[in-house]
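Read through the structure below, which is laid out as C-alpha cells, and then see the notes.
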Amino acid sequence: MAVARRRIDVQEGKAALKAWREAAQPPSDTHAPRSVLATAVRYSLEELTARAPGNSVEVRVPPFGVTQCVEGPRHTRGTPPNVIECDASTWLEMVTGQLAWAEAVKAGRVAASGLRADLSALLPF
C-alpha cells in the first residue's frame with residue numbers, strides 16, 4: 001500500500017513537536033505559537049498515517065488537520081464508520097506520551113466511534 005507523500009518536512013515536524021512540548025511544560029504558562037501547533041499536529045497526523053497506512057479510521061484534529069489510517073475496509077461516502085476527534089492539545093499530549101489513550105477517552109477529551117476507533121496501540125510515538 002502506498003503511503004501519501006508528506007507535506008511537512010520530518011525535521012521541521014520533529015522540531016515543532018519539541019517546541020510544543022517545551023512550551024507546554026509546567027510551570028510555564030506560555031503556549032506555543034499557533035504556527036508551531038499547526039505544524040506539530042499536521043506532522044503527527046502524517047506520522048500516524050505512515051505508521052498505520054489505510055483508510056478505515058478517520059482522525060480529526062480541528063482546525064488543523066484530518067487523516068485516514070489503519071488497514072481495513074475503505075470508506076468512500078458520508079460519515080466514516082470509525083471516527084476519532086479531539087482538540088490539538090489533547091492530540092499532541094497523546095502523541096508525546098503525556099496522556100494515555102484510555103485516560104483521554106475516559107475523560108471525554110477524545111470522541112471515538114466505531115469498532116476500529118482505538119489508537120492505543122499506535123500512541124505515543
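Convention: chains lettered A, B, ... in C-alpha cells order; per-chain residue numbering from 1; ligands numbered from 1 as shown.
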Per-residue DSSP, chain A, filtered to alpha helix (DSSP H), as a PyMOL selection string
chain A and resi 10-24+34-51+88-95+101-106
Could the residues in this selection be written to a file with C-alpha atoms, as a tab-separated table (two decimals), in the first residue's frame?
```tsv
chain	number	residue	atom	x	y	z
A	10	VAL	CA	10.22	15.37	9.00
A	11	GLN	CA	12.86	17.54	10.71
A	12	GLU	CA	10.52	20.55	10.72
A	13	GLY	CA	7.76	18.37	12.21
A	14	LYS	CA	10.01	16.97	14.92
A	15	ALA	CA	11.19	20.49	15.76
A	16	ALA	CA	7.58	21.68	16.04
A	17	LEU	CA	6.70	18.77	18.37
A	18	LYS	CA	9.74	19.59	20.51
A	19	ALA	CA	8.83	23.30	20.63
A	20	TRP	CA	5.24	22.46	21.57
A	21	ARG	CA	6.40	20.07	24.30
A	22	GLU	CA	8.80	22.65	25.74
A	23	ALA	CA	6.11	25.36	25.77
A	24	ALA	CA	3.62	23.00	27.41
A	34	ARG	CA	-0.31	28.77	16.50
A	35	SER	CA	2.04	28.05	13.58
A	36	VAL	CA	4.05	25.63	15.76
A	37	LEU	CA	0.84	23.98	16.98
A	38	ALA	CA	-0.43	23.58	13.41
A	39	THR	CA	2.85	22.12	12.16
A	40	ALA	CA	3.12	19.72	15.11
A	41	VAL	CA	-0.44	18.45	14.58
A	42	ARG	CA	-0.10	18.08	10.82
A	43	TYR	CA	3.27	16.34	11.11
A	44	SER	CA	1.96	13.93	13.75
A	45	LEU	CA	-1.09	13.08	11.62
A	46	GLU	CA	1.23	12.34	8.70
A	47	GLU	CA	3.39	10.21	11.01
A	48	LEU	CA	0.33	8.27	12.17
A	49	THR	CA	-0.60	7.55	8.56
A	50	ALA	CA	2.97	6.46	7.79
A	51	ARG	CA	2.94	4.06	10.77
A	88	ALA	CA	-4.94	19.86	19.23
A	89	SER	CA	-3.59	19.87	22.79
A	90	THR	CA	-5.17	16.52	23.61
A	91	TRP	CA	-3.84	15.04	20.37
A	92	LEU	CA	-0.30	16.24	20.99
A	93	GLU	CA	-0.40	15.10	24.62
A	94	MET	CA	-1.28	11.59	23.40
A	95	VAL	CA	1.31	11.63	20.62
A	101	TRP	CA	-5.34	6.99	25.09
A	102	ALA	CA	-7.57	5.32	27.69
A	103	GLU	CA	-7.33	8.29	30.05
A	104	ALA	CA	-8.22	10.73	27.27
A	105	VAL	CA	-11.25	8.69	26.21
A	106	LYS	CA	-12.41	8.19	29.81
```
Atom CA of A:Arg74 and atom CA of A:Phe125 are how many Å apart?
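Answer for the atom CA of A:Arg74 to atom CA of A:Phe125 separation: 24.6 Å.
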Using the chain letters and numbers from this document, which residues of chain A does DSSP assign to strand (DSSP E or B), as a ChimeraX atom specification?
/A:57-61,65-69,83-86,110-113
Generate a file of the selected residues that holds N, CA, C and O atoms, formatted as a JSON list (two decimals), in the first residue's frame.
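And here is the file that came out, out_11.json:
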```json
[["chain", "number", "residue", "atom", "x", "y", "z"],
["A", 57, "VAL", "N", -10.03, 4.30, 9.40],
["A", 57, "VAL", "CA", -10.26, 5.19, 10.54],
["A", 57, "VAL", "C", -9.92, 6.61, 10.12],
["A", 57, "VAL", "O", -8.89, 6.86, 9.50],
["A", 58, "GLU", "N", -10.83, 7.53, 10.45],
["A", 58, "GLU", "CA", -10.57, 8.94, 10.18],
["A", 58, "GLU", "C", -10.25, 9.63, 11.50],
["A", 58, "GLU", "O", -11.02, 9.53, 12.46],
["A", 59, "VAL", "N", -9.11, 10.31, 11.55],
["A", 59, "VAL", "CA", -8.69, 11.04, 12.75],
["A", 59, "VAL", "C", -8.78, 12.53, 12.43],
["A", 59, "VAL", "O", -8.17, 13.01, 11.47],
["A", 60, "ARG", "N", -9.57, 13.24, 13.24],
["A", 60, "ARG", "CA", -9.81, 14.67, 13.04],
["A", 60, "ARG", "C", -9.25, 15.47, 14.21],
["A", 60, "ARG", "O", -9.57, 15.17, 15.36],
["A", 61, "VAL", "N", -8.45, 16.47, 13.90],
["A", 61, "VAL", "CA", -7.93, 17.39, 14.90],
["A", 61, "VAL", "C", -8.20, 18.81, 14.39],
["A", 61, "VAL", "O", -7.33, 19.46, 13.81],
["A", 65, "GLY", "N", -6.15, 19.58, 11.01],
["A", 65, "GLY", "CA", -5.96, 18.50, 10.06],
["A", 65, "GLY", "C", -6.85, 17.30, 10.28],
["A", 65, "GLY", "O", -7.51, 17.16, 11.31],
["A", 66, "VAL", "N", -6.82, 16.43, 9.29],
["A", 66, "VAL", "CA", -7.56, 15.17, 9.30],
["A", 66, "VAL", "C", -6.76, 14.18, 8.48],
["A", 66, "VAL", "O", -6.06, 14.56, 7.54],
["A", 67, "THR", "N", -6.83, 12.92, 8.88],
["A", 67, "THR", "CA", -6.16, 11.88, 8.11],
["A", 67, "THR", "C", -6.97, 10.61, 8.18],
["A", 67, "THR", "O", -7.78, 10.43, 9.10],
["A", 68, "GLN", "N", -6.74, 9.75, 7.22],
["A", 68, "GLN", "CA", -7.31, 8.41, 7.27],
["A", 68, "GLN", "C", -6.14, 7.45, 7.43],
["A", 68, "GLN", "O", -5.08, 7.63, 6.82],
["A", 69, "CYS", "N", -6.36, 6.44, 8.28],
["A", 69, "CYS", "CA", -5.29, 5.50, 8.58],
["A", 69, "CYS", "C", -5.88, 4.15, 8.96],
["A", 69, "CYS", "O", -7.10, 3.99, 8.96],
["A", 83, "VAL", "N", -14.46, 7.03, 13.53],
["A", 83, "VAL", "CA", -14.02, 8.42, 13.60],
["A", 83, "VAL", "C", -13.45, 8.71, 14.98],
["A", 83, "VAL", "O", -14.03, 8.31, 16.00],
["A", 84, "ILE", "N", -12.34, 9.40, 14.99],
["A", 84, "ILE", "CA", -11.71, 9.87, 16.22],
["A", 84, "ILE", "C", -11.54, 11.37, 16.07],
["A", 84, "ILE", "O", -11.06, 11.84, 15.05],
["A", 85, "GLU", "N", -11.96, 12.11, 17.11],
["A", 85, "GLU", "CA", -11.82, 13.56, 17.06],
["A", 85, "GLU", "C", -11.42, 14.09, 18.43],
["A", 85, "GLU", "O", -11.92, 13.63, 19.45],
["A", 86, "CYS", "N", -10.50, 15.04, 18.41],
["A", 86, "CYS", "CA", -10.09, 15.71, 19.64],
["A", 86, "CYS", "C", -9.44, 17.04, 19.30],
["A", 86, "CYS", "O", -9.15, 17.33, 18.14],
["A", 110, "VAL", "N", -11.53, 12.80, 24.06],
["A", 110, "VAL", "CA", -11.49, 12.21, 22.72],
["A", 110, "VAL", "C", -12.86, 11.63, 22.43],
["A", 110, "VAL", "O", -13.42, 10.91, 23.26],
["A", 111, "ALA", "N", -13.39, 11.95, 21.27],
["A", 111, "ALA", "CA", -14.62, 11.32, 20.79],
["A", 111, "ALA", "C", -14.19, 10.22, 19.83],
["A", 111, "ALA", "O", -13.51, 10.50, 18.84],
["A", 112, "ALA", "N", -14.55, 8.98, 20.13],
["A", 112, "ALA", "CA", -14.16, 7.86, 19.29],
["A", 112, "ALA", "C", -15.38, 6.97, 19.05],
["A", 112, "ALA", "O", -16.01, 6.53, 20.00],
["A", 113, "SER", "N", -15.69, 6.76, 17.77],
["A", 113, "SER", "CA", -16.83, 5.90, 17.44],
["A", 113, "SER", "C", -16.41, 4.89, 16.38],
["A", 113, "SER", "O", -15.62, 5.19, 15.50]]
```
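Minimum distance to A:Ala52 across A:Arg5, A:Leu119, A:Arg109, A:Gly97 (counting only C-alpha atoms) occurs at A:Leu119.
The nearest approach to A:Leu99 among the residues A:Ala117, A:Ala32, A:Val70, A:Leu123, with only C-alpha atoms taken into account, belongs to A:Leu123.
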Tell me, in Å to one decimal, how far atom CA of A:Leu122 is from atom CA of A:Gln25.
23.2 Å
